>>> print(open('query.cif').read())   # mmCIF, C-alpha atoms
data_target
loop_
_atom_site.label_atom_id
_atom_site.label_comp_id
_atom_site.auth_asym_id
_atom_site.auth_seq_id
_atom_site.Cartn_x
_atom_site.Cartn_y
_atom_site.Cartn_z
CA MET A 1 91.36 134.99 125.06
CA ASN A 2 92.40 131.56 123.88
CA ALA A 3 90.75 130.36 120.71
CA ALA A 4 90.57 126.91 122.30
CA ALA A 5 87.87 126.21 124.86
CA PRO A 6 89.08 126.84 128.43
CA ALA A 7 89.66 123.98 130.80
CA LEU A 8 86.99 123.81 133.52
CA SER A 9 89.43 121.80 135.58
CA ALA A 10 93.19 121.93 135.73
CA ASP A 11 96.06 120.73 137.78
CA CYS A 12 97.13 124.35 138.41
CA LEU A 13 94.89 127.41 138.22
CA ILE A 14 96.84 130.68 138.25
CA ILE A 15 94.99 133.84 139.22
CA GLY A 16 96.67 136.77 137.47
CA ALA A 17 98.03 137.05 133.91
CA GLY A 18 100.76 139.53 134.72
CA VAL A 19 104.47 138.85 134.53
CA SER A 20 104.62 136.74 137.72
CA GLY A 21 101.57 134.66 136.83
CA LEU A 22 102.69 133.93 133.28
CA ALA A 23 106.26 133.11 134.32
CA THR A 24 104.86 130.71 136.92
CA ALA A 25 102.60 129.19 134.28
CA LEU A 26 105.57 128.54 131.99
CA ALA A 27 107.66 127.01 134.76
CA LEU A 28 104.79 124.70 135.73
CA LEU A 29 104.21 123.67 132.11
CA GLU A 30 107.90 122.86 131.87
CA ALA A 31 107.43 120.66 134.94
CA GLY A 32 104.67 118.75 133.16
CA ARG A 33 101.67 120.29 134.90
CA SER A 34 98.49 121.42 133.17
CA VAL A 35 97.79 125.12 133.64
CA THR A 36 94.92 127.57 133.29
CA VAL A 37 95.50 131.29 133.89
CA ILE A 38 92.67 133.73 134.59
CA ASP A 39 92.75 137.51 134.83
CA ALA A 40 90.16 140.15 135.63
CA ASN A 41 91.49 142.31 132.80
CA THR A 42 93.88 141.50 129.95
CA VAL A 43 97.34 139.97 129.68
CA GLY A 44 100.01 142.35 130.95
CA SER A 45 97.65 145.20 131.84
CA GLY A 46 99.17 145.70 135.30
CA ALA A 47 102.43 147.16 136.59
CA SER A 48 104.66 145.56 133.94
CA HIS A 49 103.04 147.61 131.15
CA GLY A 50 104.80 150.85 132.07
CA ASN A 51 107.85 149.24 133.67
CA CYS A 52 111.32 150.35 132.59
CA GLY A 53 112.29 146.78 131.75
CA THR A 54 115.59 146.52 133.59
CA LEU A 55 116.77 143.18 135.03
CA THR A 56 118.78 144.31 137.99
CA PRO A 57 120.54 142.15 140.55
CA SER A 58 122.07 145.52 141.46
CA HIS A 59 118.72 146.55 142.97
CA ALA A 60 118.91 143.97 145.75
CA PRO A 61 119.04 146.52 148.62
CA PRO A 62 115.44 147.08 149.79
CA LEU A 63 113.44 150.28 150.11
CA ALA A 64 113.30 149.84 153.89
CA GLY A 65 116.68 150.73 155.32
CA PRO A 66 118.58 153.10 157.59
CA GLY A 67 117.62 156.66 156.66
CA THR A 68 114.45 155.78 154.73
CA LEU A 69 112.12 157.04 157.46
CA TRP A 70 114.00 160.32 157.69
CA ARG A 71 113.75 160.85 153.91
CA ALA A 72 110.08 159.91 153.88
CA ALA A 73 109.31 162.36 156.69
CA ARG A 74 111.30 165.12 154.96
CA TRP A 75 109.36 164.58 151.73
CA MET A 76 105.94 164.14 153.36
CA PHE A 77 104.78 167.56 152.17
CA THR A 78 106.57 167.48 148.80
CA PRO A 79 104.11 165.72 146.46
CA ASP A 80 106.63 165.42 143.60
CA ALA A 81 109.42 163.94 145.74
CA PRO A 82 110.94 160.60 144.59
CA LEU A 83 109.37 158.92 147.65
CA TYR A 84 106.02 160.36 148.68
CA ILE A 85 103.70 159.08 151.41
CA LYS A 86 100.28 160.69 151.32
CA PRO A 87 99.05 161.27 154.89
CA SER A 88 96.24 158.86 155.78
CA LEU A 89 94.47 157.44 158.83
CA ASP A 90 93.50 154.20 157.07
CA PRO A 91 94.26 151.48 159.66
CA LEU A 92 95.56 148.97 157.10
CA ARG A 93 97.99 151.49 155.65
CA LEU A 94 99.08 152.60 159.10
CA GLY A 95 99.68 148.99 160.12
CA TRP A 96 101.72 148.36 156.98
CA PHE A 97 103.87 151.43 157.59
CA LEU A 98 104.46 150.44 161.19
CA GLY A 99 105.76 147.06 160.02
CA PHE A 100 107.81 148.77 157.31
CA ALA A 101 109.30 151.19 159.85
CA ARG A 102 110.48 148.30 161.99
CA ARG A 103 112.50 147.02 159.02
CA CYS A 104 114.40 150.29 158.57
CA ASN A 105 117.52 149.09 160.35
CA ALA A 106 120.88 147.72 159.26
CA LYS A 107 120.23 144.08 160.22
CA ASP A 108 116.93 143.72 158.37
CA TYR A 109 118.25 145.77 155.45
CA ARG A 110 121.07 143.25 154.97
CA ALA A 111 118.73 140.25 155.34
CA SER A 112 116.30 141.55 152.70
CA ALA A 113 119.16 142.44 150.34
CA GLN A 114 120.60 138.93 150.62
CA ALA A 115 117.25 137.29 149.84
CA LYS A 116 116.46 139.61 146.94
CA SER A 117 119.92 139.25 145.47
CA LEU A 118 119.68 135.46 145.19
CA LEU A 119 116.29 135.58 143.50
CA LEU A 120 117.20 138.45 141.16
CA GLU A 121 120.39 136.74 140.01
CA ASP A 122 118.66 133.39 139.54
CA SER A 123 115.85 135.05 137.58
CA ARG A 124 118.25 137.10 135.48
CA ARG A 125 119.90 133.88 134.25
CA ARG A 126 116.59 132.09 133.69
CA ILE A 127 115.10 134.93 131.66
CA GLN A 128 118.12 134.90 129.36
CA ASP A 129 117.73 131.13 128.99
CA TRP A 130 114.03 131.49 128.16
CA VAL A 131 114.79 134.18 125.59
CA SER A 132 117.17 131.77 123.89
CA ARG A 133 115.15 128.55 124.19
CA TYR A 134 111.73 129.97 123.31
CA GLY A 135 112.79 132.73 120.93
CA LEU A 136 111.18 135.45 123.03
CA CYS A 137 111.10 138.61 120.88
CA CYS A 138 111.43 141.17 123.65
CA GLU A 139 114.66 143.05 122.81
CA PHE A 140 116.62 141.38 125.60
CA ALA A 141 120.17 142.74 125.86
CA GLU A 142 123.03 142.35 128.31
CA THR A 143 123.37 146.10 128.65
CA GLY A 144 124.54 146.62 132.20
CA GLU A 145 123.20 149.68 134.03
CA ASP A 146 124.66 152.96 135.26
CA TYR A 147 123.80 154.89 138.41
CA VAL A 148 124.76 158.50 137.62
CA PHE A 149 125.35 161.18 140.28
CA ARG A 150 125.57 164.97 140.18
CA THR A 151 126.32 165.55 143.87
CA ARG A 152 129.21 164.17 145.89
CA ARG A 153 126.95 163.71 148.90
CA ALA A 154 124.62 161.35 147.03
CA LEU A 155 127.51 159.37 145.56
CA ASP A 156 129.26 159.01 148.91
CA HIS A 157 126.01 157.87 150.54
CA GLU A 158 125.45 155.19 147.90
CA LEU A 159 129.07 154.03 148.08
CA ARG A 160 128.38 152.92 151.65
CA ASP A 161 126.61 149.91 150.11
CA LEU A 162 129.67 148.95 148.07
CA PRO A 163 130.97 146.31 150.52
CA LEU A 164 127.50 144.72 150.76
CA LEU A 165 127.03 144.72 146.98
CA ARG A 166 130.39 143.06 146.45
CA GLU A 167 129.69 140.57 149.22
CA LEU A 168 126.53 139.62 147.31
CA GLY A 169 128.61 139.01 144.19
CA ILE A 170 127.29 142.02 142.28
CA ASP A 171 129.73 143.24 139.63
CA VAL A 172 130.07 146.99 140.25
CA GLU A 173 132.63 149.50 138.99
CA VAL A 174 133.00 153.06 140.33
CA ILE A 175 133.76 155.61 137.58
CA ASP A 176 134.87 159.21 138.14
CA GLY A 177 132.79 161.99 136.61
CA ALA A 178 135.23 163.14 133.93
CA THR A 179 135.78 159.60 132.67
CA PHE A 180 132.06 158.91 132.60
CA GLU A 181 131.23 162.14 130.71
CA ALA A 182 133.92 161.35 128.13
CA SER A 183 132.48 157.87 127.60
CA ASP A 184 128.82 158.88 127.25
CA PRO A 185 128.15 162.16 125.41
CA ALA A 186 124.40 161.97 126.10
CA PHE A 187 125.10 163.38 129.57
CA LYS A 188 125.58 167.04 130.42
CA SER A 189 128.69 168.18 132.25
CA GLY A 190 128.51 168.14 136.03
CA VAL A 191 128.51 164.39 136.64
CA VAL A 192 130.60 163.73 139.77
CA GLY A 193 130.70 159.96 139.35
CA ALA A 194 128.86 156.80 138.37
CA MET A 195 128.43 153.22 139.48
CA ARG A 196 128.33 150.70 136.64
CA PHE A 197 126.60 147.35 137.20
CA ARG A 198 127.86 145.14 134.39
CA GLY A 199 125.70 142.13 135.26
CA ASP A 200 122.38 143.90 134.75
CA ALA A 201 120.31 143.51 131.58
CA ALA A 202 117.22 144.99 129.95
CA LEU A 203 114.25 144.05 127.81
CA ARG A 204 111.03 145.57 126.54
CA PRO A 205 108.56 144.62 129.30
CA ASP A 206 105.29 144.66 127.35
CA ARG A 207 106.82 142.43 124.67
CA TYR A 208 108.27 140.10 127.29
CA VAL A 209 104.84 139.59 128.89
CA ALA A 210 103.18 139.10 125.50
CA GLU A 211 105.83 136.55 124.56
CA LEU A 212 105.37 134.65 127.82
CA ALA A 213 101.65 134.44 127.03
CA ARG A 214 102.45 133.15 123.54
CA VAL A 215 104.70 130.39 124.84
CA VAL A 216 102.25 129.41 127.59
CA ARG A 217 99.53 128.96 124.95
CA GLU A 218 101.83 127.10 122.56
CA ARG A 219 102.74 124.66 125.33
CA GLY A 220 99.08 123.90 126.02
CA GLY A 221 98.23 126.40 128.74
CA HIS A 222 94.91 128.23 128.72
CA ILE A 223 94.58 131.97 129.40
CA LEU A 224 91.19 133.51 130.15
CA GLU A 225 90.95 137.29 130.11
CA SER A 226 88.07 139.39 131.51
CA CYS A 227 87.58 136.62 134.08
CA PRO A 228 87.59 138.18 137.57
CA LEU A 229 87.84 135.98 140.63
CA LEU A 230 84.73 135.97 142.84
CA GLY A 231 85.66 133.42 145.48
CA LEU A 232 87.87 130.45 146.33
CA THR A 233 87.33 127.52 148.68
CA GLU A 234 89.33 124.38 149.35
CA GLU A 235 87.50 121.15 148.70
CA GLY A 236 89.01 117.77 149.51
CA ARG A 237 92.15 117.39 147.44
CA GLY A 238 91.90 120.68 145.59
CA VAL A 239 90.17 124.04 145.26
CA ARG A 240 86.92 125.34 143.82
CA VAL A 241 87.13 128.79 142.25
CA GLN A 242 84.16 130.97 141.36
CA THR A 243 84.72 133.43 138.51
CA ALA A 244 82.65 135.66 136.25
CA GLN A 245 83.01 132.97 133.57
CA GLY A 246 81.92 130.08 135.76
CA ALA A 247 83.36 127.72 138.34
CA PHE A 248 86.70 125.96 138.07
CA SER A 249 88.18 123.02 139.88
CA ALA A 250 91.90 122.64 140.33
CA ARG A 251 94.32 120.59 142.33
CA ASN A 252 96.27 123.76 143.17
CA ALA A 253 95.60 127.49 142.87
CA ILE A 254 98.34 130.11 142.66
CA LEU A 255 97.63 133.73 143.54
CA ALA A 256 99.71 136.07 141.34
CA THR A 257 97.57 139.19 141.53
CA GLY A 258 100.20 141.88 142.09
CA ALA A 259 99.05 145.07 143.75
CA TRP A 260 95.43 143.88 143.66
CA THR A 261 96.21 141.20 146.24
CA PRO A 262 94.86 143.20 149.24
CA LYS A 263 91.62 143.78 147.31
CA ILE A 264 90.91 140.07 146.86
CA ALA A 265 92.46 138.79 150.08
CA ALA A 266 89.10 138.23 151.73
CA ALA A 267 87.74 136.36 148.70
CA VAL A 268 90.48 133.73 149.01
CA GLY A 269 90.38 133.51 152.82
CA LEU A 270 93.67 135.36 153.42
CA ARG A 271 92.64 138.59 155.11
CA TRP A 272 96.10 139.00 156.64
CA LEU A 273 97.44 139.82 153.16
CA ARG A 274 95.81 143.24 153.49
CA ARG A 275 98.36 144.02 156.21
CA ALA A 276 101.30 142.51 154.33
CA ILE A 277 101.02 144.34 150.98
CA GLN A 278 100.30 147.93 150.01
CA PRO A 279 100.16 149.47 146.50
CA GLY A 280 103.18 151.64 145.67
CA LYS A 281 102.39 153.85 142.70
CA GLY A 282 104.96 154.36 139.97
CA TYR A 283 104.93 156.63 136.92
CA SER A 284 106.45 156.60 133.46
CA ILE A 285 106.38 158.61 130.25
CA THR A 286 107.10 156.96 126.92
CA TYR A 287 108.34 158.82 123.84
CA SER A 288 109.74 158.20 120.40
CA ARG A 289 113.53 157.95 120.52
CA PRO A 290 115.63 161.10 120.79
CA THR A 291 118.72 161.23 118.58
CA GLN A 292 121.15 161.13 121.52
CA LEU A 293 120.62 158.33 124.04
CA PRO A 294 122.53 157.11 127.10
CA LYS A 295 124.65 154.13 126.10
CA ARG A 296 122.93 151.87 128.62
CA PRO A 297 119.91 151.99 130.97
CA SER A 298 120.62 154.59 133.62
CA ILE A 299 119.39 155.68 137.02
CA LEU A 300 119.63 159.45 137.41
CA PHE A 301 120.21 159.12 141.07
CA GLU A 302 119.23 162.34 142.84
CA PRO A 303 115.78 162.66 141.18
CA SER A 304 115.41 158.84 141.10
CA VAL A 305 114.60 158.67 137.38
CA CYS A 306 115.20 155.54 135.32
CA VAL A 307 116.02 156.04 131.62
CA THR A 308 115.59 153.15 129.19
CA SER A 309 115.12 152.75 125.45
CA TRP A 310 114.43 150.13 122.82
CA SER A 311 114.36 149.98 119.02
CA ASP A 312 111.48 152.43 118.58
CA GLY A 313 110.88 153.94 122.02
CA TYR A 314 112.31 155.76 125.00
CA ARG A 315 111.03 155.82 128.59
CA LEU A 316 111.46 157.86 131.75
CA GLY A 317 110.12 156.11 134.83
CA SER A 318 110.23 155.42 138.55
CA THR A 319 109.16 157.32 141.71
CA MET A 320 107.32 155.71 144.62
CA GLU A 321 104.01 157.12 145.85
CA PHE A 322 101.97 155.61 148.68
CA SER A 323 98.48 156.97 148.13
CA GLY A 324 96.33 153.84 148.27
CA PHE A 325 94.54 152.84 145.08
CA ASP A 326 94.36 156.37 143.69
CA ALA A 327 94.36 155.83 139.91
CA SER A 328 94.83 159.48 138.91
CA LEU A 329 97.84 160.65 136.91
CA ASN A 330 99.53 163.28 139.05
CA PRO A 331 100.94 165.89 136.62
CA ARG A 332 103.43 167.14 139.22
CA ARG A 333 105.01 163.71 139.56
CA LEU A 334 105.15 163.24 135.79
CA ALA A 335 106.75 166.67 135.44
CA ALA A 336 109.34 165.63 138.04
CA LEU A 337 110.48 162.82 135.72
CA GLU A 338 111.11 165.26 132.89
CA ARG A 339 112.70 167.83 135.19
CA GLY A 340 115.07 165.21 136.58
CA ALA A 341 116.05 164.10 133.07
CA ARG A 342 116.71 167.70 131.99
CA ALA A 343 119.27 168.10 134.78
CA PHE A 344 121.32 165.20 133.40
CA LEU A 345 120.72 164.76 129.67
CA HIS A 346 121.24 166.88 126.56
CA GLU A 347 118.07 165.35 125.09
CA PRO A 348 115.91 164.50 128.09
CA VAL A 349 112.73 163.66 126.15
CA GLY A 350 111.88 162.27 122.73
CA PRO A 351 110.33 164.28 119.91
CA GLN A 352 106.91 162.63 120.29
CA GLU A 353 105.18 161.75 123.55
CA ARG A 354 103.33 158.44 123.28
CA GLU A 355 102.00 157.56 126.72
CA ARG A 356 101.73 158.91 130.25
CA TRP A 357 101.23 156.03 132.66
CA CYS A 358 100.92 155.14 136.30
CA GLY A 359 100.56 151.75 137.94
CA TRP A 360 100.74 150.09 141.33
CA ARG A 361 103.56 147.85 142.51
CA PRO A 362 102.76 145.26 145.22
CA MET A 363 104.98 146.41 148.09
CA SER A 364 105.52 143.92 150.91
CA ARG A 365 106.53 145.26 154.33
CA ASP A 366 110.07 143.87 154.02
CA ASP A 367 110.38 144.41 150.24
CA VAL A 368 110.77 140.64 149.77
CA PRO A 369 108.11 138.74 147.80
CA LEU A 370 105.80 136.11 149.27
CA ILE A 371 106.46 132.87 147.38
CA GLY A 372 105.17 129.54 148.63
CA ARG A 373 102.22 127.75 150.15
CA ALA A 374 99.64 129.95 151.87
CA PRO A 375 99.68 129.28 155.63
CA GLY A 376 96.82 127.04 156.72
CA HIS A 377 96.00 125.98 153.15
CA ALA A 378 96.96 122.73 151.48
CA HIS A 379 96.29 123.74 147.86
CA LEU A 380 96.69 127.52 147.72
CA TRP A 381 100.04 129.09 146.80
CA LEU A 382 101.28 132.68 146.61
CA ALA A 383 103.49 134.57 144.16
CA VAL A 384 102.89 138.15 145.27
CA GLY A 385 104.62 141.17 146.80
CA HIS A 386 107.44 141.71 144.29
CA GLY A 387 107.49 145.48 144.67
CA MET A 388 109.46 147.17 141.88
CA MET A 389 111.15 143.90 140.89
CA GLY A 390 108.28 141.94 139.33
CA VAL A 391 109.82 141.70 135.86
CA GLY A 392 113.31 141.07 137.19
CA MET A 393 112.16 138.34 139.59
CA SER A 394 109.61 136.72 137.26
CA ALA A 395 111.40 133.61 136.00
CA GLY A 396 113.00 132.90 139.39
CA THR A 397 109.61 133.19 141.08
CA GLY A 398 108.02 130.82 138.60
CA GLN A 399 110.77 128.24 139.04
CA GLN A 400 110.64 128.55 142.83
CA LEU A 401 106.92 127.85 142.88
CA ALA A 402 107.18 125.01 140.38
CA ASP A 403 109.88 123.37 142.49
CA LEU A 404 107.92 123.75 145.73
CA LEU A 405 104.67 122.56 144.21
CA CYS A 406 106.41 119.55 142.62
CA ASP A 407 108.20 118.75 145.90
CA ARG A 408 111.66 119.46 144.45
CA ALA A 409 114.49 121.31 146.18
CA PRO A 410 114.49 124.92 144.91
CA THR A 411 117.71 126.50 143.65
CA VAL A 412 117.12 129.51 145.91
CA ASP A 413 116.51 129.02 149.64
CA PRO A 414 112.73 129.42 150.03
CA GLY A 415 112.91 130.39 153.72
CA PRO A 416 113.10 134.21 153.35
CA PHE A 417 110.14 134.17 150.93
CA ASP A 418 107.81 132.01 153.06
CA PRO A 419 104.41 133.78 153.27
CA ALA A 420 104.01 132.48 156.85
CA ARG A 421 106.22 135.33 158.10
CA PHE A 422 103.25 137.70 157.71
CA ALA A 423 100.32 135.46 158.66
#
>>> encode(input="query.cif", output="structure tokens")
Amino acid sequence: MNAAAPALSADCLIIGAGVSGLATALALLEAGRSVTVIDANTVGSGASHGNCGTLTPSHAPPLAGPGTLWRAARWMFTPDAPLYIKPSLDPLRLGWFLGFARRCNAKDYRASAQAKSLLLEDSRRRIQDWVSRYGLCCEFAETGEDYVFRTRRALDHELRDLPLLRELGIDVEVIDGATFEASDPAFKSGVVGAMRFRGDAALRPDRYVAELARVVRERGGHILESCPLLGLTEEGRGVRVQTAQGAFSARNAILATGAWTPKIAAAVGLRWLRRAIQPGKGYSITYSRPTQLPKRPSILFEPSVCVTSWSDGYRLGSTMEFSGFDASLNPRRLAALERGARAFLHEPVGPQERERWCGWRPMSRDDVPLIGRAPGHAHLWLAVGHGMMGVGMSAGTGQQLADLLCDRAPTVDPGPFDPARFA
């Protein structure tokens, strides 16, 4: 918590001290607004903690697309599959999946990819600028990223997106298996090919979030931890927010609550958010560094395992599990990460295991975040629904909201992100 006394009133009150909330706080402070951030837990305790830390315009294509439903159905009874949907009769989950299923077509796939690409690329540039301007110590590096394939079928399927990726301006190179193996000795033989995305970057996500919090505080923002939201009402020219640490008044409130958004939707008068966002559970395992590492962050494509490293750590992560707010660590899904890495890498794990983690990503039905004014509300704004791209979209999201709130023209077209599409 801040050493300074918190502001009981602020121009902007941000609910959520994760990566989206803190990036929005910094962008608003840069715009000259006063900011208070509250969080039910601690800074960075959500999905960004175990994130793989890649900044990936290459990941613009959404989860919902042609073939996704077939894969999901095929893996329904395989609990350690890369995409697993736990059977449920919960009406909110069923409604979300129905809306998701309607997006699994070529037209909507392209529309979501175009929107995500613009925000990811804008955010990628802004994060690099913040690292430079504010001295963020988060091991940012312009690494690029490799998608690595061991089956021709998987490579050929992914190459179908090549025209779309290039249309979006994504720098991608296709590398044959022999050339790739010769260039990166960390990989076992049997690679059939790779796709290299030279414009991608990486950072250490927990350090990035901690550094955002540092800069927000240094620029005069207040951050209150262990301060859960209890209720929010609009009053005249602003909002009144009830929390466990008292009541706050603000001219504007910004909801940046990640996967917890459906849980607090009723408290802020936005029940429809429960139908728009579902938690998508991801896993990671963090180790000390092995002696032989991939030369850049890599996606081991068939098992859908992301491999990243930093100065004193190494992480395997990914998978997508729809099982509601089940907080248990599924050992089968964690084992699948290690098994996938063993198929590709000479040293798939580090000598010392440091953390086994799972966390929820806020998955919107169209895999595009909700950024903008809440429908029917004059002083309530949303920065939610970033799915697996919260870190990568953070700075762009913050700037988008700051521009909208300050009545400036955003760099990225705000239309595809308008929350009204779900209300």
>>> atom_distance(input="query.cif", atom1="atom CA of Glu302 of chain A", atom2="atom CA of Ala101 of chain A")
22.6 Å
>>> residues_around(input="query.cif", residues="Asp403 of chain A", least_positions_apart="5", cutoff="12 Å", atoms="only C-alpha atoms", output="MDAnalysis selection string")
chainID A and resid 24 27:33 371:373 396:398 408:414
>>> residues_around(input="query.cif", residues="Glu211 of chain A", least_positions_apart="2", cutoff="12 Å", atoms="all atoms listed in the file", output="ChimeraX atom specification")
/A:18-19,22-23,26,43-44,127,130-131,134-140,203-209,213-218
>>> write_last_selection(input="query.cif", atoms="C-alpha atoms", output="short mmCIF file (atom, residue, chain, number, x, y, z; two decimals), keeping the file's coordinate frame")
data_model
loop_
_atom_site.label_atom_id
_atom_site.label_comp_id
_atom_site.auth_asym_id
_atom_site.auth_seq_id
_atom_site.Cartn_x
_atom_site.Cartn_y
_atom_site.Cartn_z
CA GLY A 18 100.76 139.53 134.72
CA VAL A 19 104.47 138.85 134.53
CA LEU A 22 102.69 133.93 133.28
CA ALA A 23 106.26 133.11 134.32
CA LEU A 26 105.57 128.54 131.99
CA VAL A 43 97.34 139.97 129.68
CA GLY A 44 100.01 142.35 130.95
CA ILE A 127 115.10 134.93 131.66
CA TRP A 130 114.03 131.49 128.16
CA VAL A 131 114.79 134.18 125.59
CA TYR A 134 111.73 129.97 123.31
CA GLY A 135 112.79 132.73 120.93
CA LEU A 136 111.18 135.45 123.03
CA CYS A 137 111.10 138.61 120.88
CA CYS A 138 111.43 141.17 123.65
CA GLU A 139 114.66 143.05 122.81
CA PHE A 140 116.62 141.38 125.60
CA LEU A 203 114.25 144.05 127.81
CA ARG A 204 111.03 145.57 126.54
CA PRO A 205 108.56 144.62 129.30
CA ASP A 206 105.29 144.66 127.35
CA ARG A 207 106.82 142.43 124.67
CA TYR A 208 108.27 140.10 127.29
CA VAL A 209 104.84 139.59 128.89
CA ALA A 213 101.65 134.44 127.03
CA ARG A 214 102.45 133.15 123.54
CA VAL A 215 104.70 130.39 124.84
CA VAL A 216 102.25 129.41 127.59
CA ARG A 217 99.53 128.96 124.95
CA GLU A 218 101.83 127.10 122.56
#
>>> closest_atom_pairs(input="query.cif", of="segment 34-63 of chain A", to="segment 144-154 of chain A", cutoff="9 Å", atoms="all atoms listed in the file", output="JSON lines")
{"residue": "A:Thr54", "atom": "CA", "partner": "A:Glu145", "partner_atom": "CA", "distance": 8.3}
{"residue": "A:Leu55", "atom": "CA", "partner": "A:Gly144", "partner_atom": "CA", "distance": 9.0}
{"residue": "A:Thr56", "atom": "CA", "partner": "A:Glu145", "partner_atom": "CA", "distance": 8.0}
{"residue": "A:Ser58", "atom": "CA", "partner": "A:Glu145", "partner_atom": "CA", "distance": 8.6}
>>> resolve_selection(input="query.cif", expression="the PyMOL selection byres ((chain A and resi 239) around 9)", output="PyMOL selection string")
chain A and resi 232-238+240-241+248-253+379-380
>>> closest_atom_pairs(input="query.cif", of="segment 290-366 of chain A", to="segment 188-200 of chain A", cutoff="8 Å", atoms="all atoms listed in the file", output="CSV")
residue,atom,partner,partner_atom,distance
A:Ala343,CA,A:Lys188,CA,7.7
A:Phe344,CA,A:Lys188,CA,5.5
A:Leu345,CA,A:Lys188,CA,5.4
A:His346,CA,A:Lys188,CA,5.8
>>> atom_distance(input="query.cif", atom1="atom CA of Phe301 of chain A", atom2="atom CA of Gly169 of chain A")
22.0 Å
>>> residues_around(input="query.cif", residues="segment 338-342 of chain A", least_positions_apart="6", cutoff="7 Å", atoms="only C-alpha atoms", output="MDAnalysis selection string")
chainID A and resid 303 305 348
>>> residues_around(input="query.cif", residues="segment 276-286 of chain A", least_positions_apart="4", cutoff="6 Å", atoms="only C-alpha atoms", output="ChimeraX atom specification")
/A:259,314-322,354-365
>>> residues_around(input="query.cif", residues="Lys263 of chain A", least_positions_apart="3", cutoff="8 Å", atoms="only C-alpha atoms", output="list in words")
Trp260, Ala266 and Arg274 of chain A
>>> closest_residue(input="query.cif", among="A:Phe180, A:Trp70, A:Trp75, A:Tyr84", to="Arg333 of chain A", atoms="all atoms listed in the file")
A:Tyr84
>>> atom_distance(input="query.cif", atom1="atom CA of Leu69 of chain A", atom2="atom CA of Pro91 of chain A")
18.8 Å
>>> closest_residue(input="query.cif", among="A:Glu225, A:Asp122, A:Glu181, A:Asp90", to="Thr42 of chain A", atoms="all atoms listed in the file")
A:Glu225
>>> resolve_selection(input="query.cif", expression="the PyMOL selection byres ((chain A and resi 80) around 7)", output="ChimeraX atom specification")
/A:78-79,81-82,332-333,336
>>> closest_residue(input="query.cif", among="A:Ala186, A:Leu405, A:Val174, A:Val307", to="Leu155 of chain A", atoms="only C-alpha atoms")
A:Val174
>>> closest_residue(input="query.cif", among="A:Tyr287, A:Trp272, A:Trp381, A:Phe187", to="Gln352 of chain A", atoms="all atoms listed in the file")
A:Tyr287
>>> resolve_selection(input="query.cif", expression="the PyMOL selection byres ((chain A and resi 224) around 9)", output="list in words")
Met1, Asn2, Pro6, Ala17, Thr36, Val37, Ile38, Asp39, Ala40, Thr42, Val43, His222, Ile223, Glu225, Ser226, Cys227 and Gln245 of chain A
>>> closest_residue(input="query.cif", among="A:Gly258, A:Ala267, A:Ala402, A:Arg71", to="Ala47 of chain A", atoms="all atoms listed in the file")
A:Gly258
>>> decode(input="query.cif", residues="segment 74-84 of chain A", atoms="N, CA and C atoms", output="compact mmCIF listing (two decimals), in the first residue's frame")
# COMPACT_ATOMS: atom_id res chain seq x y z
N ARG A 74 -13.53 -32.54 -30.04
CA ARG A 74 -12.64 -33.71 -30.06
C ARG A 74 -11.89 -33.86 -28.75
N TRP A 75 -11.59 -32.72 -28.09
CA TRP A 75 -10.83 -32.76 -26.85
C TRP A 75 -11.70 -32.71 -25.60
N MET A 76 -13.03 -32.75 -25.77
CA MET A 76 -13.93 -32.59 -24.64
C MET A 76 -13.64 -33.59 -23.51
N PHE A 77 -13.25 -34.78 -23.87
CA PHE A 77 -13.02 -35.82 -22.87
C PHE A 77 -11.54 -36.14 -22.73
N THR A 78 -10.70 -35.14 -23.04
CA THR A 78 -9.25 -35.26 -22.85
C THR A 78 -8.81 -34.12 -21.93
N PRO A 79 -8.83 -34.33 -20.61
CA PRO A 79 -8.61 -33.23 -19.67
C PRO A 79 -7.25 -32.55 -19.76
N ASP A 80 -6.25 -33.17 -20.41
CA ASP A 80 -4.96 -32.51 -20.54
C ASP A 80 -4.72 -31.95 -21.94
N ALA A 81 -5.79 -31.85 -22.74
CA ALA A 81 -5.67 -31.30 -24.09
C ALA A 81 -5.34 -29.80 -24.03
N PRO A 82 -4.70 -29.25 -25.07
CA PRO A 82 -4.37 -27.81 -25.07
C PRO A 82 -5.59 -26.91 -24.87
N LEU A 83 -6.73 -27.30 -25.43
CA LEU A 83 -7.99 -26.59 -25.23
C LEU A 83 -8.99 -27.56 -24.62
N TYR A 84 -9.41 -27.28 -23.39
CA TYR A 84 -10.31 -28.20 -22.69
C TYR A 84 -11.52 -27.43 -22.17
